[in-house]
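S.K.: File name model.pdb; file contents PDB, C-alpha atoms; full text below.
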ATOM      1  CA  MET A 683     -59.712   0.441-200.064
ATOM      2  CA  ALA A 684     -59.305  -2.610-202.291
ATOM      3  CA  CYS A 685     -61.614  -2.989-205.252
ATOM      4  CA  LEU A 686     -62.938  -5.379-207.841
ATOM      5  CA  ILE A 687     -62.387  -4.301-211.427
ATOM      6  CA  PHE A 688     -64.860  -6.171-213.617
ATOM      7  CA  VAL A 689     -63.656  -6.122-217.240
ATOM      8  CA  SER A 690     -65.547  -7.184-220.346
ATOM      9  CA  HIS A 691     -63.337  -8.474-223.134
ATOM     10  CA  PRO A 692     -62.757  -6.040-225.995
ATOM     11  CA  ALA A 693     -63.514  -6.616-229.708
ATOM     12  CA  VAL A 694     -63.288 -10.123-231.153
ATOM     13  CA  VAL A 695     -62.852 -11.793-234.514
ATOM     14  CA  ILE A 696     -66.398 -12.835-235.420
ATOM     15  CA  ASP A 697     -66.287 -16.244-237.096
ATOM     16  CA  PRO A 698     -69.677 -17.807-237.906
ATOM     17  CA  HIS A 699     -67.952 -21.180-238.402
ATOM     18  CA  CYS A 700     -66.337 -21.222-234.935
ATOM     19  CA  PRO A 701     -68.205 -21.736-231.656
ATOM     20  CA  VAL A 702     -68.673 -18.343-229.972
ATOM     21  CA  PRO A 703     -66.751 -19.375-226.794
ATOM     22  CA  ASP A 704     -63.722 -20.032-229.034
ATOM     23  CA  TRP A 705     -63.659 -16.590-230.658
ATOM     24  CA  ARG A 706     -60.376 -14.725-230.151
ATOM     25  CA  LEU A 707     -59.610 -11.059-229.662
ATOM     26  CA  SER A 708     -59.210  -9.008-232.807
ATOM     27  CA  ASP A 709     -56.098  -6.881-233.310
ATOM     28  CA  ALA A 710     -58.146  -3.861-232.174
ATOM     29  CA  GLY A 711     -59.288  -5.825-229.106
ATOM     30  CA  ARG A 712     -55.697  -6.749-228.258
ATOM     31  CA  THR A 713     -54.738  -3.060-228.475
ATOM     32  CA  VAL A 714     -57.581  -2.123-226.099
ATOM     33  CA  ALA A 715     -56.530  -4.840-223.626
ATOM     34  CA  ALA A 716     -52.937  -3.563-223.754
ATOM     35  CA  THR A 717     -54.218  -0.031-223.132
ATOM     36  CA  LEU A 718     -56.048  -1.230-220.021
ATOM     37  CA  ALA A 719     -52.903  -2.999-218.797
ATOM     38  CA  GLY A 720     -51.122   0.366-218.775
ATOM     39  CA  ARG A 721     -53.850   2.279-216.960
ATOM     40  CA  ASP A 722     -53.586   3.313-213.325
ATOM     41  CA  ILE A 723     -56.848   1.581-212.390
ATOM     42  CA  VAL A 724     -55.268  -1.893-212.677
ATOM     43  CA  GLN A 725     -51.856  -1.196-211.166
ATOM     44  CA  ARG A 726     -52.800  -2.295-207.620
ATOM     45  CA  ALA A 727     -54.261  -5.602-208.772
ATOM     46  CA  THR A 728     -52.780  -8.740-207.273
ATOM     47  CA  HIS A 729     -54.786 -11.431-209.069
ATOM     48  CA  ILE A 730     -56.948 -12.024-212.138
ATOM     49  CA  TRP A 731     -59.904 -14.375-212.416
ATOM     50  CA  SER A 732     -61.047 -15.136-215.952
ATOM     51  CA  SER A 733     -63.874 -16.785-217.807
ATOM     52  CA  ALA A 734     -62.765 -19.923-219.642
ATOM     53  CA  GLU A 735     -63.858 -18.475-222.993
ATOM     54  CA  ARG A 736     -60.951 -17.696-225.325
ATOM     55  CA  LYS A 737     -61.680 -13.965-225.703
ATOM     56  CA  ALA A 738     -61.579 -13.530-221.915
ATOM     57  CA  GLN A 739     -58.480 -15.724-221.675
ATOM     58  CA  ASP A 740     -56.770 -13.606-224.372
ATOM     59  CA  THR A 741     -57.625 -10.437-222.441
ATOM     60  CA  SER A 742     -56.416 -11.934-219.145
ATOM     61  CA  ALA A 743     -53.142 -13.065-220.717
ATOM     62  CA  ILE A 744     -52.406  -9.539-221.951
ATOM     63  CA  LEU A 745     -53.164  -8.043-218.531
ATOM     64  CA  ALA A 746     -51.215 -10.745-216.689
ATOM     65  CA  GLY A 747     -48.215 -10.424-218.993
ATOM     66  CA  THR A 748     -47.945  -6.683-218.459
ATOM     67  CA  LEU A 749     -48.812  -6.649-214.751
ATOM     68  CA  GLY A 750     -46.984  -9.863-213.798
ATOM     69  CA  LEU A 751     -50.095 -11.359-212.210
ATOM     70  CA  PRO A 752     -51.384 -14.893-211.828
ATOM     71  CA  VAL A 753     -54.588 -15.838-213.642
ATOM     72  CA  SER A 754     -57.137 -18.325-212.371
ATOM     73  CA  THR A 755     -59.960 -19.616-214.551
ATOM     74  CA  ARG A 756     -63.595 -20.200-213.609
ATOM     75  CA  ALA A 757     -66.000 -21.627-216.185
ATOM     76  CA  ASP A 758     -68.903 -20.111-214.226
ATOM     77  CA  LEU A 759     -67.627 -16.617-215.122
ATOM     78  CA  GLY A 760     -68.665 -17.361-218.727
ATOM     79  CA  GLU A 761     -71.203 -15.474-220.803
ATOM     80  CA  ASN A 762     -74.831 -16.530-220.807
ATOM     81  CA  ASP A 763     -75.180 -19.873-222.599
ATOM     82  CA  ARG A 764     -76.403 -19.138-226.125
ATOM     83  CA  SER A 765     -75.320 -22.428-227.664
ATOM     84  CA  ALA A 766     -78.915 -23.384-228.515
ATOM     85  CA  THR A 767     -78.939 -20.857-231.361
ATOM     86  CA  GLY A 768     -75.235 -20.760-232.195
ATOM     87  CA  PHE A 769     -74.006 -17.830-234.248
ATOM     88  CA  LEU A 770     -76.555 -15.110-234.971
ATOM     89  CA  PRO A 771     -75.844 -12.284-237.422
ATOM     90  CA  PRO A 772     -75.459  -8.910-235.652
ATOM     91  CA  THR A 773     -79.009  -7.635-236.195
ATOM     92  CA  ALA A 774     -80.547 -10.945-235.069
ATOM     93  CA  PHE A 775     -78.174 -11.105-232.110
ATOM     94  CA  GLU A 776     -79.146  -7.614-230.910
ATOM     95  CA  ALA A 777     -82.843  -8.538-231.092
ATOM     96  CA  ALA A 778     -82.135 -11.757-229.189
ATOM     97  CA  ALA A 779     -80.162  -9.876-226.522
ATOM     98  CA  ASP A 780     -83.043  -7.424-226.156
ATOM     99  CA  ALA A 781     -85.419 -10.359-225.604
ATOM    100  CA  PHE A 782     -82.992 -12.001-223.145
ATOM    101  CA  PHE A 783     -82.898  -8.900-220.930
ATOM    102  CA  ALA A 784     -86.603  -8.024-221.370
ATOM    103  CA  ALA A 785     -87.867 -11.394-220.072
ATOM    104  CA  PRO A 786     -85.264 -12.486-217.484
ATOM    105  CA  ASP A 787     -87.192 -15.590-216.390
ATOM    106  CA  GLN A 788     -87.840 -16.890-219.906
ATOM    107  CA  SER A 789     -85.425 -18.604-222.239
ATOM    108  CA  PHE A 790     -84.925 -17.055-225.656
ATOM    109  CA  ASP A 791     -84.833 -19.996-228.100
ATOM    110  CA  GLY A 792     -83.130 -22.288-225.579
ATOM    111  CA  TRP A 793     -80.669 -19.730-224.161
ATOM    112  CA  GLU A 794     -79.860 -19.753-220.462
ATOM    113  CA  THR A 795     -82.286 -17.331-218.813
ATOM    114  CA  ALA A 796     -81.014 -13.973-217.640
ATOM    115  CA  ARG A 797     -82.070 -14.834-214.082
ATOM    116  CA  ASP A 798     -80.117 -18.122-214.130
ATOM    117  CA  ALA A 799     -77.065 -16.408-215.654
ATOM    118  CA  GLN A 800     -77.310 -13.692-212.998
ATOM    119  CA  THR A 801     -77.451 -16.239-210.172
ATOM    120  CA  ARG A 802     -74.403 -18.014-211.634
ATOM    121  CA  ILE A 803     -72.281 -14.880-212.128
ATOM    122  CA  VAL A 804     -73.120 -13.547-208.657
ATOM    123  CA  ALA A 805     -72.069 -16.857-207.065
ATOM    124  CA  ALA A 806     -68.890 -17.067-209.181
ATOM    125  CA  THR A 807     -67.917 -13.499-208.284
ATOM    126  CA  ARG A 808     -68.570 -14.010-204.578
ATOM    127  CA  ALA A 809     -66.488 -17.211-204.649
ATOM    128  CA  SER A 810     -63.622 -15.394-206.397
ATOM    129  CA  VAL A 811     -63.775 -12.533-203.887
ATOM    130  CA  ALA A 812     -63.841 -14.993-200.963
ATOM    131  CA  GLN A 813     -60.591 -16.560-202.205
ATOM    132  CA  HIS A 814     -58.905 -13.198-202.765
ATOM    133  CA  GLY A 815     -56.275 -11.822-200.413
ATOM    134  CA  ALA A 816     -54.993  -8.252-200.350
ATOM    135  CA  GLY A 817     -54.954  -5.747-203.199
ATOM    136  CA  ASP A 818     -57.325  -5.192-206.069
ATOM    137  CA  LEU A 819     -58.934  -8.064-207.947
ATOM    138  CA  ILE A 820     -59.595  -8.144-211.684
ATOM    139  CA  ILE A 821     -62.327 -10.335-213.138
ATOM    140  CA  VAL A 822     -62.282 -10.662-216.927
ATOM    141  CA  SER A 823     -65.580 -11.856-218.278
ATOM    142  CA  HIS A 824     -68.317 -10.707-220.654
ATOM    143  CA  GLY A 825     -70.669  -7.798-221.101
ATOM    144  CA  GLY A 826     -73.955  -9.650-220.694
ATOM    145  CA  VAL A 827     -73.136 -11.326-217.392
ATOM    146  CA  GLY A 828     -71.260  -8.224-216.237
ATOM    147  CA  THR A 829     -74.464  -6.260-216.698
ATOM    148  CA  LEU A 830     -76.471  -8.898-214.831
ATOM    149  CA  LEU A 831     -73.962  -8.755-211.962
ATOM    150  CA  TRP A 832     -74.003  -4.947-211.970
ATOM    151  CA  CYS A 833     -77.828  -4.945-211.782
ATOM    152  CA  HIS A 834     -77.712  -7.338-208.815
ATOM    153  CA  LEU A 835     -75.127  -5.254-206.949
ATOM    154  CA  ALA A 836     -77.008  -2.025-207.732
ATOM    155  CA  GLY A 837     -80.254  -3.577-206.461
ATOM    156  CA  VAL A 838     -82.087  -2.793-209.700
ATOM    157  CA  PRO A 839     -84.157  -5.061-211.947
ATOM    158  CA  ILE A 840     -82.450  -6.748-214.883
ATOM    159  CA  ASP A 841     -82.601  -4.253-217.732
ATOM    160  CA  ARG A 842     -80.486  -3.827-220.846
ATOM    161  CA  ARG A 843     -80.368  -0.073-220.330
ATOM    162  CA  HIS A 844     -77.596  -0.855-217.793
ATOM    163  CA  ASP A 845     -75.572  -2.756-220.426
ATOM    164  CA  GLN A 846     -72.037  -1.791-221.373
ATOM    165  CA  PRO A 847     -71.761   0.913-224.051
ATOM    166  CA  GLY A 848     -69.614  -1.402-226.227
ATOM    167  CA  GLN A 849     -67.107  -4.229-225.956
ATOM    168  CA  GLY A 850     -64.095  -3.545-223.785
ATOM    169  CA  CYS A 851     -65.530  -1.805-220.738
ATOM    170  CA  TYR A 852     -65.173  -2.053-216.970
ATOM    171  CA  TRP A 853     -66.855  -1.121-213.731
ATOM    172  CA  ILE A 854     -65.453  -0.995-210.207
ATOM    173  CA  ALA A 855     -66.827  -2.106-206.847
ATOM    174  CA  ASP A 856     -65.299  -1.824-203.382
ATOM    175  CA  LEU A 857     -64.085  -5.013-201.723
ATOM    176  CA  PRO A 858     -65.153  -6.999-199.863
ATOM    177  CA  ALA A 859     -68.677  -5.521-199.810
ATOM    178  CA  LEU A 860     -69.000  -5.307-203.627
ATOM    179  CA  ALA A 861     -70.399  -1.779-203.349
ATOM    180  CA  LEU A 862     -70.487  -0.280-206.839
ATOM    181  CA  ARG A 863     -68.549   2.897-207.536
ATOM    182  CA  GLY A 864     -70.388   3.665-210.748
ATOM    183  CA  PRO A 865     -71.617   2.391-214.130
ATOM    184  CA  TRP A 866     -69.727   0.793-216.997
ATOM    185  CA  GLN A 867     -66.805   2.818-218.357
ATOM    186  CA  PRO A 868     -65.152   2.291-221.764
ATOM    187  CA  ILE A 869     -61.516   1.256-221.541
TER     188      ILE A 869
END
Show me this structure written as structure tokens.

M.R.:
Amino acid sequence: MACLIFVSHPAVVIDPHCPVPDWRLSDAGRTVAATLAGRDIVQRATHIWSSAERKAQDTSAILAGTLGLPVSTRADLGENDRSATGFLPPTAFEAAADAFFAAPDQSFDGWETARDAQTRIVAATRASVAQHGAGDLIIVSHGGVGTLLWCHLAGVPIDRRHDQPGQGCYWIADLPALALRGPWQPI
């Protein structure tokens, strides 16, 4: 049975002077992406859909280069919009992410709400799946929206306890039904 492999980009170079969507993979992140490209779980993939953010594009390029796959880009596969606050130091970011997940219908300091981000990522994923032919499909995106999508597919309320255990993780769902096979797994 064909599957969707939802991948969150691995570690990035954090640059407070660069917009977050323009952050690139770190050397460690590039190594993790290359590791995934060599794993059995991606070998039956026939196409990659990617967020337009650079870190997802970097990850997709590594996978595509190794697997010889085409990559299509969808802006609506992007992370929740946090541009209202810009860069937040790690401790402040973690507190903000907690608030984002804890109150899914409220905006944290101008951020896109978790509910709105969930609606967007579900629609973007369904559109990508609808355009997909045979074989497995890889979507490279981000941990926050990947968790929101996972919660929707699992039929559980939005809750950060379902979040990825760190950057550079994946989960798998059967196609075309998008039935989850399990939780996030580290690459």

S.K.: Once the PyMOL selection byres ((chain A and resi 829) around 9) is applied to the coordinates I shared, what remains selected? I want it as a PyMOL selection string.

M.R.: chain A and resi 800+824-828+830-834+840-842+844-846+866

S.K.: Using only C-alpha atoms, pick whichever of A:Ile723, A:Leu749, A:Ile869, A:Ala796 has the shortest atom-to-atom distance to Ala779 (chain A).

M.R.: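 Of A:Ile723, A:Leu749, A:Ile869, A:Ala796, the one nearest Ala779 (chain A), counting only C-alpha atoms, is A:Ala796.
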
S.K.: Rank A:Ser708, A:Thr717, A:Gln739, A:Gln788 by their smallest atom-to-atom distance to Val822 (chain A), using all atoms listed in the file, and report the top residue only.

M.R.: A:Gln739

S.K.: From the list A:Ala738, A:Ala855, A:Ile696, A:Leu860, which residue is nearest Ala757 (chain A) when using only C-alpha atoms?

M.R.: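 Residue with the minimum atom-to-atom distance to Ala757 (chain A): A:Ala738.
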
S.K.: For Phe782 (chain A), find every residue with an atom within 9 Å (counting only C-alpha atoms), except residues of its own chain fewer than 5 positions away, and show them as an mmCIF file with C-alpha atoms, in the frame of the given file.

M.R.:
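Result file follows (out-v5.cif):
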data_model
loop_
_atom_site.group_PDB
_atom_site.id
_atom_site.type_symbol
_atom_site.label_atom_id
_atom_site.label_comp_id
_atom_site.auth_asym_id
_atom_site.auth_seq_id
_atom_site.Cartn_x
_atom_site.Cartn_y
_atom_site.Cartn_z
ATOM 1 C CA ALA A 777 -82.843 -8.538 -231.092
ATOM 2 C CA ASP A 787 -87.192 -15.590 -216.390
ATOM 3 C CA GLN A 788 -87.840 -16.890 -219.906
ATOM 4 C CA SER A 789 -85.425 -18.604 -222.239
ATOM 5 C CA PHE A 790 -84.925 -17.055 -225.656
ATOM 6 C CA TRP A 793 -80.669 -19.730 -224.161
ATOM 7 C CA GLU A 794 -79.860 -19.753 -220.462
ATOM 8 C CA THR A 795 -82.286 -17.331 -218.813
ATOM 9 C CA ALA A 796 -81.014 -13.973 -217.640
ATOM 10 C CA ARG A 842 -80.486 -3.827 -220.846
#

S.K.: Taking 5 positions as the minimum chain separation for residues in the same chain, which residues sit within 9 Å of Val714 (chain A) when counting only C-alpha atoms? Answer as a ChimeraX atom specification.

M.R.: /A:692-693,709,719,850,869

S.K.: Quick check on the file I pasted: which residues fall under the PyMOL selection byres ((chain A and resi 862) around 12)? Write them as a PyMOL selection string.

M.R.: chain A and resi 685-688+831-837+852-861+863-866

S.K.: Identify which of the residues A:Gly711, A:Pro701, A:Gly720, A:Pro839 lies closest to Phe783 (chain A), counting all atoms listed in the file when measuring atom-to-atom distances.

M.R.: A:Pro839

S.K.: For Arg721 (chain A), which of A:Leu770, A:Leu745, A:Leu707, A:Val702 is the closest residue, counting all atoms listed in the file?

M.R.: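 Result for the nearest residue to Arg721 (chain A): A:Leu745.
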
S.K.: Distance CA of Pro698 (chain A)-CA of Ser732 (chain A), one decimal place?

M.R.: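 Taking CA of Pro698 (chain A) and CA of Ser732 (chain A), their separation equals 23.7 Å.
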
S.K.: Given the choices A:Ala746, A:Ile821, A:Ala809, A:Ala778, which gets closest to His691 (chain A) if the distance is worked out from only C-alpha atoms?

M.R.: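 When distances to His691 (chain A) are compared using only C-alpha atoms, the smallest one comes from A:Ile821.
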
S.K.: How many Å lie between CA of Thr801 (chain A) and CA of Pro786 (chain A), rounded to one decimal?

M.R.: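 Between CA of Thr801 (chain A) and CA of Pro786 (chain A) the gap works out to 11.3 Å.
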
S.K.: With 6 Å as the threshold, what does the neighbourhood of (-63.3, -14.6, -234.2) contain in terms of residues, counting only C-alpha atoms? Coordinates are those of the file; answer as a JSON list (two decimals) with C-alpha atoms, in the coordinates of the input.

M.R.:
[["chain", "number", "residue", "atom", "x", "y", "z"],
["A", 694, "VAL", "CA", -63.29, -10.12, -231.15],
["A", 695, "VAL", "CA", -62.85, -11.79, -234.51],
["A", 696, "ILE", "CA", -66.40, -12.84, -235.42],
["A", 697, "ASP", "CA", -66.29, -16.24, -237.10],
["A", 705, "TRP", "CA", -63.66, -16.59, -230.66],
["A", 706, "ARG", "CA", -60.38, -14.72, -230.15]]

S.K.: Distance CA of Pro847 (chain A)-CA of Gly750 (chain A), one decimal place?

M.R.: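 Separation between CA of Pro847 (chain A) and CA of Gly750 (chain A): 28.9 Å.
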
S.K.: Using the chain letters and numbering of this document, enumerate as JSON, numbers by chain the residues selected by the PyMOL selection byres ((chain A and resi 729) around 7).

M.R.: {"A": [727, 728, 730, 731, 751, 752, 753, 819, 820]}

S.K.: Residues within 7 Å of Leu759 (chain A), please, as a PyMOL selection string. Count only C-alpha atoms; anything in the same chain fewer than 4 positions from it doesn't count.

M.R.: chain A and resi 732-733+803+806+823
